[in-house]
Structures are given as structure tokens and as C-alpha cells.
Amino acid sequence: MTGTPAPAACEAAAHSHRVSRRNTGLLTVFTAVTNLADGVTKLVLPLMAARVTDSPLAVSAVTLSLTLPWLLTSLHVGVLVDRFDRRLLLWLADGVRALSVLALTTAVAQGGAGVPLLFTCGLVLGIAEVVALTAAASLVPAAVAESGRERANAWMAGAETVCNQFTGPLVGAALLAAGTAAALGATAATYVLGTLILLPLVPLTGRFRADAGQGGTIRSVHGEIRAGLAFLWGNRVLRTMALTLTVMCACWGAWMALIPLAATRSMGADDGRYGVLMSALGLGGVIGAVTVGPVNRLLGRKAAMSADLIGTLVLVGTPWLTSSLVLNTVAAFLGGMGGVLWSVNSRTIGQSLVPDALLGRYTAALRMFSWGALPLGSALAGALAQAAGLSVAFAVFALAAAVLIIPFLRWMPAGELTTAPTSEAKDRA
């Protein structure tokens, strides 16, 4: 009977499984609800700015305020997430977002929502989003058993992509039809709901705060930032993922900037067909989230992640090669699917390779590189299109996406890429 697990061990494993599945559901619903609200604010605030000013600079500044914190605050937020209870940070982030939207709602009711207030509110919401997304990704190892992390990351990545980038703006447009105050009030209520969803969330063991003992003796903020960046750069897998993702996100930023003009001018898309083109991204993301498990088992993580490089190449290369709306819609679907396959696998790999005490800094740095590359890619694409035309701009970024493939295949190791952090890695952290 020596090979038979003890009843106590079986019960502990069953309890861990139940808690893990419940936490996965809670985190997925929380991600969906809060990212839906984020998507609404990203539509509503710029439109509010356009109603109170004719200045393109002022409107673009309000739009930029929502994403600028990813460039300016990510690394410091990573330190925050590694120092404090991550569930508490999620509560605080949602509370701050709810209060800022309520303050804006009050200003609207009193007729005083000018550009300075909208810009300030956008910055607050942007910083809170950095905190929330970094903390949510970083607490997954404490909330979900290792065997269930791929599924948890798939559901969370799918919910984040669909709700933040696609469903949120659609809901925001519908809410605006009922009035600005109604749209803002519903958004504030959604953030409050997010805090309530997290109440039943419990850690598998211990707590949702990283073990400070893993973080070494460095305590200054800048010292901890350097330690996090040094760990990322010193690991070949993490470094390769970060560099590859940065270039891919620049390509995505270029596509997002150029596709409205290409679709309406070259492809002959009306509003409805353009909506279908953009919805194909979200549909691809959903399919990627649903199929990531089978794809990984069939092809392995490395091949699954390579699908995003190919999908990105197809996404930006198709508008260069053809003006067919159908083919470009298919390309958008493949790009969206590849993007979620990459996101799920990169998160799972990071949670496996990065010590818990560095996970916040790693997650924040990775998002800073990737999300920070989006506006840079958009700006460069706009300049190229202005100087040489849309076709040349798409060709340049298609070449950049193609160049990524061979280095990624060469530098990324084979295998499942799920090795847990070694004691040596923990010591270096």
C-alpha cells in the first residue's frame, strides 16, 4: 500500500483543485467586468473632450492620458505590486477608478467637465489600470494551481482582449446614447462590482503578498527596478519574449493606425464592413483562448507562440499585398488568434520562470515594452504613410515582422518552456 496516496493528501489535493477552479472563475469575471469598464472609458473620455474643444491636440492629449501611464509608471507599479498584497491593490485600483469616474459624473451634472479635468481623470484611470492588470497577472500563482494556470491565463487573456478592446467601446457607444452621465454612472458601478467579485478570492496557501525573502536585500525603489530588469535581461527565454513582443506590438500599432484609412479608401469598406473587419480581431482572440490548450498539446508552446509571429506578418502584410476586404478580414482573425496564443503562453512561462517576489516587476516591465511600443508604431507608421504612402508603410512593418521569425526560432529553447524557477534563480533575484 506504499504507492497509495494518504486520504489526507487526497483531500488536500481535492481542496486545492476546488479553490483553484473557483479562483480562476472569479479572476476571469473580474477581468471581464473591469476591462469592459476600461473599454467604455477609452471611448467616452475622448468623445467628451471632442464636445468641449475643437483642438485636435487637446482631444489627442485626453486619449493619450489613458495609455501614457504604461510608459511612465509601469516599472514603479511593478515594485508596488511586489511589495504589497496584490488583492488589496486590485481593490484599491477599482476603488480609485470608481471615485474618479463619479467625480467626473458630478462635474458633468454641474456643466464643468473641461479638458483639464478629463486629462486628469484619464491619467488617474490609466495609472489604476496599470496597477490592476499588473496585480491581477501577478497573483495568479498564489490563486491557481500550476496545472490550471494555462486555463486561467487563457480565460483572463481572452476576457481582457475582448472586453477592453472590442466589447467595451461598443457598450460605451450604446451607453452614450442614453447620455454622458448615464454612461459614466454605469461605468462607476461596474468598477464597484469588480471589488465585490474579488471578496471570495482566497490564496491556495499563505497570502497574496510576495515573500519578501525572495527579493534579496535591495529595498530602494530604483534598486528593485534594476533588479527586475536585470533578471528579465539575464534570462534568455524572458529576454527573447520581451524583444520579440516589443517589435510585434509596434507592428500592431502600425496596423491599428493605418487600417481605417486603408479599409475605407483601398478596400471600399463602409461602416458596417469595417466593423466586421475589426470584430474579426476579437473573434480570433476568443478562438485563441478556447484552443490554446489543444494547440499547445499538439504543437508545443514554442510553435504555438510562433503562430503569433506568422499571424502578425499576415496581419500587416495582407494590406500591402491586396485590397481584398475578405482576405484582410481573415488576416485580422488570424492576427487576433495568434495574439492570444502568445499572451497566454508568455504569461504561463513568466509565472513559471520568474520568482514570485519579482513577478510584479517582470509583468510591468513586459507590458511597458509591449504597450509602450503600440503608440510608437502608430506614430512611425503615420509618418511613413504620409511620406511614401500606405503601401510602403505596410511593407516596412511586414518586413519587420518577417525578420523576427528566424531569431525567435533560433533563440527560444525547444520543449514545453514550463520549468519552475530554480533556487539559483531565486538567489539571483
# chains A, B, ... in the order shown; residues from 1 in each chain; ligands from 1
call {"tool": "residues_around", "arguments": {"residues": "Phe119 of chain A", "least_positions_apart": "4", "cutoff": "9 Å", "atoms": "only C-alpha atoms", "output": "list in words"}}
result
Leu45, Ala49, Ala58, Ala61, Val62, Thr63, Leu64, Ser65, Leu66, Gly114, Val115, Leu123 and Val124 of chain A
call {"tool": "residues_around", "arguments": {"residues": "segment 365-373 of chain A", "least_positions_apart": "2", "cutoff": "10 Å", "atoms": "only C-alpha atoms", "output": "NGL selection string"}}
result
:A and (67-78 or 130 or 133-134 or 225 or 228-229 or 232 or 238-239 or 241-254 or 350 or 359-363 or 375-379)
call {"tool": "select_by_dssp", "arguments": {"residues": "segment 127-237 of chain A", "states": "helix (DSSP H, G or I)", "output": "JSON, numbers by chain"}}
result
{"A": [127, 128, 129, 130, 131, 132, 133, 134, 135, 136, 137, 138, 140, 141, 142, 143, 146, 147, 148, 149, 150, 151, 152, 153, 154, 155, 156, 157, 158, 159, 160, 161, 162, 163, 164, 165, 166, 167, 168, 169, 170, 171, 172, 173, 174, 175, 176, 180, 181, 182, 183, 184, 185, 186, 187, 188, 189, 190, 191, 192, 193, 194, 195, 196, 197, 212, 213, 214, 215, 221, 222, 223, 224, 225, 226, 227, 228, 229, 230, 231, 232, 233, 234, 236, 237]}
call {"tool": "write_last_selection", "arguments": {"atoms": "C-alpha atoms", "output": "compact mmCIF listing (two decimals), in the first residue's frame"}}
result
# COMPACT_ATOMS: atom_id res chain seq x y z
CA ILE A 127 -2.44 54.54 -13.57
CA ALA A 128 -5.14 52.46 -11.88
CA GLU A 129 -5.32 50.23 -14.95
CA VAL A 130 -1.56 49.64 -14.78
CA VAL A 131 -1.89 48.65 -11.11
CA ALA A 132 -4.92 46.41 -11.70
CA LEU A 133 -3.61 44.49 -14.72
CA THR A 134 -0.14 44.04 -13.20
CA ALA A 135 -1.50 42.87 -9.84
CA ALA A 136 -4.07 40.54 -11.43
CA ALA A 137 -1.46 38.79 -13.57
CA SER A 138 0.99 38.58 -10.66
CA VAL A 140 -2.33 34.07 -10.42
CA PRO A 141 0.38 31.73 -9.00
CA ALA A 142 -0.95 32.30 -5.48
CA ALA A 143 -4.57 31.76 -6.55
CA GLU A 146 0.19 25.18 -11.59
CA SER A 147 -1.84 22.60 -13.51
CA GLY A 148 -4.64 25.12 -14.00
CA ARG A 149 -2.64 28.25 -14.87
CA GLU A 150 -2.75 27.77 -18.61
CA ARG A 151 -6.55 27.67 -18.47
CA ALA A 152 -6.70 30.65 -16.09
CA ASN A 153 -4.38 32.71 -18.26
CA ALA A 154 -6.37 31.75 -21.36
CA TRP A 155 -9.66 32.86 -19.86
CA MET A 156 -8.21 36.07 -18.44
CA ALA A 157 -6.38 36.97 -21.66
CA GLY A 158 -9.50 36.30 -23.71
CA ALA A 159 -11.66 38.39 -21.38
CA GLU A 160 -9.12 41.22 -21.36
CA THR A 161 -8.79 41.31 -25.15
CA VAL A 162 -12.49 41.08 -25.97
CA CYS A 163 -13.84 43.37 -23.24
CA ASN A 164 -11.14 46.07 -23.26
CA GLN A 165 -10.57 46.43 -26.98
CA PHE A 166 -13.87 45.49 -28.56
CA THR A 167 -16.93 45.00 -26.36
CA GLY A 168 -16.10 47.97 -24.12
CA PRO A 169 -16.16 50.57 -26.91
CA LEU A 170 -19.38 49.09 -28.33
CA VAL A 171 -21.06 49.22 -24.92
CA GLY A 172 -19.71 52.73 -24.42
CA ALA A 173 -21.30 53.89 -27.67
CA ALA A 174 -24.62 52.37 -26.61
CA LEU A 175 -24.45 53.97 -23.16
CA LEU A 176 -23.65 57.38 -24.62
CA THR A 180 -22.95 61.05 -20.74
CA ALA A 181 -23.97 60.96 -17.08
CA ALA A 182 -25.66 57.59 -17.56
CA ALA A 183 -22.56 56.17 -19.30
CA LEU A 184 -20.24 57.39 -16.54
CA GLY A 185 -22.56 56.25 -13.76
CA ALA A 186 -22.81 52.75 -15.22
CA THR A 187 -19.03 52.62 -15.55
CA ALA A 188 -18.50 53.63 -11.90
CA ALA A 189 -20.98 50.95 -10.81
CA THR A 190 -19.07 48.38 -12.86
CA TYR A 191 -15.83 49.21 -11.05
CA VAL A 192 -17.61 48.81 -7.70
CA LEU A 193 -18.91 45.45 -8.88
CA GLY A 194 -15.34 44.45 -9.63
CA THR A 195 -14.32 44.95 -5.99
CA LEU A 196 -17.23 42.78 -4.83
CA ILE A 197 -16.32 39.96 -7.20
CA ALA A 212 9.94 39.37 0.72
CA GLY A 213 12.63 36.81 1.46
CA GLN A 214 12.92 36.03 -2.23
CA GLY A 215 13.64 39.61 -3.14
CA VAL A 221 12.68 51.61 -5.46
CA HIS A 222 15.23 52.19 -8.21
CA GLY A 223 17.34 49.33 -6.91
CA GLU A 224 14.37 46.98 -7.12
CA ILE A 225 13.56 48.22 -10.62
CA ARG A 226 17.13 47.48 -11.69
CA ALA A 227 16.94 44.03 -10.12
CA GLY A 228 13.75 43.24 -12.02
CA LEU A 229 15.13 44.45 -15.34
CA ALA A 230 18.42 42.61 -14.74
CA PHE A 231 16.55 39.37 -14.10
CA LEU A 232 14.48 39.80 -17.27
CA TRP A 233 17.53 40.60 -19.38
CA GLY A 234 19.61 37.82 -17.86
CA ARG A 236 17.35 34.12 -22.44
CA VAL A 237 13.72 32.99 -22.68
call {"tool": "atom_distance", "arguments": {"atom1": "atom CA of Ala210 of chain A", "atom2": "atom CA of Asp82 of chain A"}}
result
5.9 Å
call {"tool": "atom_distance", "arguments": {"atom1": "atom CA of Ala364 of chain A", "atom2": "atom CA of Val44 of chain A"}}
result
26.0 Å
call {"tool": "atom_distance", "arguments": {"atom1": "atom CA of Ala257 of chain A", "atom2": "atom CA of Ala383 of chain A"}}
result
10.7 Å
call {"tool": "closest_residue", "arguments": {"among": "A:Leu334, A:Leu198, A:Ala113, A:Arg301", "to": "Thr28 of chain A", "atoms": "only C-alpha atoms"}}
result
A:Leu198
call {"tool": "residues_around", "arguments": {"residues": "Gly311 of chain A", "least_positions_apart": "4", "cutoff": "7 Å", "atoms": "only C-alpha atoms", "output": "MDAnalysis selection string"}}
result
chainID A and resid 307 315 334:335 338
call {"tool": "write_last_selection", "arguments": {"atoms": "all heavy atoms", "output": "PDB file, in the first residue's frame"}}
result
ATOM      1  N   ALA A 307       3.084  31.023 -33.931  1.00  0.00           N
ATOM      2  CA  ALA A 307       1.881  31.345 -34.701  1.00  0.00           C
ATOM      3  C   ALA A 307       1.564  32.830 -34.631  1.00  0.00           C
ATOM      4  O   ALA A 307       1.008  33.397 -35.573  1.00  0.00           O
ATOM      5  CB  ALA A 307       0.699  30.524 -34.187  1.00  0.00           C
ATOM      6  N   LEU A 315      -1.064  39.794 -40.764  1.00  0.00           N
ATOM      7  CA  LEU A 315      -1.903  40.946 -40.454  1.00  0.00           C
ATOM      8  C   LEU A 315      -1.424  42.198 -41.175  1.00  0.00           C
ATOM      9  O   LEU A 315      -2.218  42.908 -41.814  1.00  0.00           O
ATOM     10  CB  LEU A 315      -1.908  41.179 -38.938  1.00  0.00           C
ATOM     11  CG  LEU A 315      -2.782  42.327 -38.434  1.00  0.00           C
ATOM     12  CD1 LEU A 315      -4.253  41.946 -38.490  1.00  0.00           C
ATOM     13  CD2 LEU A 315      -2.399  42.700 -36.999  1.00  0.00           C
ATOM     14  N   LEU A 334      -6.733  35.853 -37.970  1.00  0.00           N
ATOM     15  CA  LEU A 334      -5.507  35.103 -37.660  1.00  0.00           C
ATOM     16  C   LEU A 334      -4.604  35.898 -36.719  1.00  0.00           C
ATOM     17  O   LEU A 334      -3.975  35.323 -35.818  1.00  0.00           O
ATOM     18  CB  LEU A 334      -4.762  34.769 -38.950  1.00  0.00           C
ATOM     19  CG  LEU A 334      -5.481  33.804 -39.903  1.00  0.00           C
ATOM     20  CD1 LEU A 334      -4.694  33.654 -41.198  1.00  0.00           C
ATOM     21  CD2 LEU A 334      -5.695  32.451 -39.241  1.00  0.00           C
ATOM     22  N   GLY A 335      -4.530  37.212 -36.919  1.00  0.00           N
ATOM     23  CA  GLY A 335      -3.736  38.036 -36.014  1.00  0.00           C
ATOM     24  C   GLY A 335      -4.280  38.020 -34.597  1.00  0.00           C
ATOM     25  O   GLY A 335      -3.520  37.907 -33.625  1.00  0.00           O
ATOM     26  N   GLY A 338      -3.537  34.550 -33.036  1.00  0.00           N
ATOM     27  CA  GLY A 338      -2.129  34.418 -32.678  1.00  0.00           C
ATOM     28  C   GLY A 338      -1.756  35.265 -31.484  1.00  0.00           C
ATOM     29  O   GLY A 338      -0.958  34.855 -30.635  1.00  0.00           O
TER      30      GLY A 338
END
call {"tool": "residues_around", "arguments": {"residues": "Thr291 of chain A", "least_positions_apart": "5", "cutoff": "10 Å", "atoms": "only C-alpha atoms", "output": "PDB file with C-alpha atoms, in the first residue's frame"}}
result
ATOM      1  CA  ALA A 154      -6.372  31.754 -21.365  1.00  0.00           C
ATOM      2  CA  GLY A 285      -8.861  36.239 -29.789  1.00  0.00           C
ATOM      3  CA  VAL A 286     -11.786  34.209 -28.437  1.00  0.00           C
ATOM      4  CA  ASN A 296      -0.068  23.589 -27.039  1.00  0.00           C
ATOM      5  CA  MET A 337      -5.933  34.352 -32.621  1.00  0.00           C
ATOM      6  CA  VAL A 340      -3.973  35.476 -27.588  1.00  0.00           C
ATOM      7  CA  LEU A 341      -1.951  32.280 -28.139  1.00  0.00           C
TER       8      LEU A 341
END
call {"tool": "closest_residue", "arguments": {"among": "A:Ala402, A:Leu321, A:Leu283, A:Val96", "to": "Gly336 of chain A", "atoms": "only C-alpha atoms"}}
result
A:Leu283
call {"tool": "closest_residue", "arguments": {"among": "A:Arg83, A:Arg297, A:Lys42, A:Arg51", "to": "Leu125 of chain A", "atoms": "only C-alpha atoms"}}
result
A:Lys42
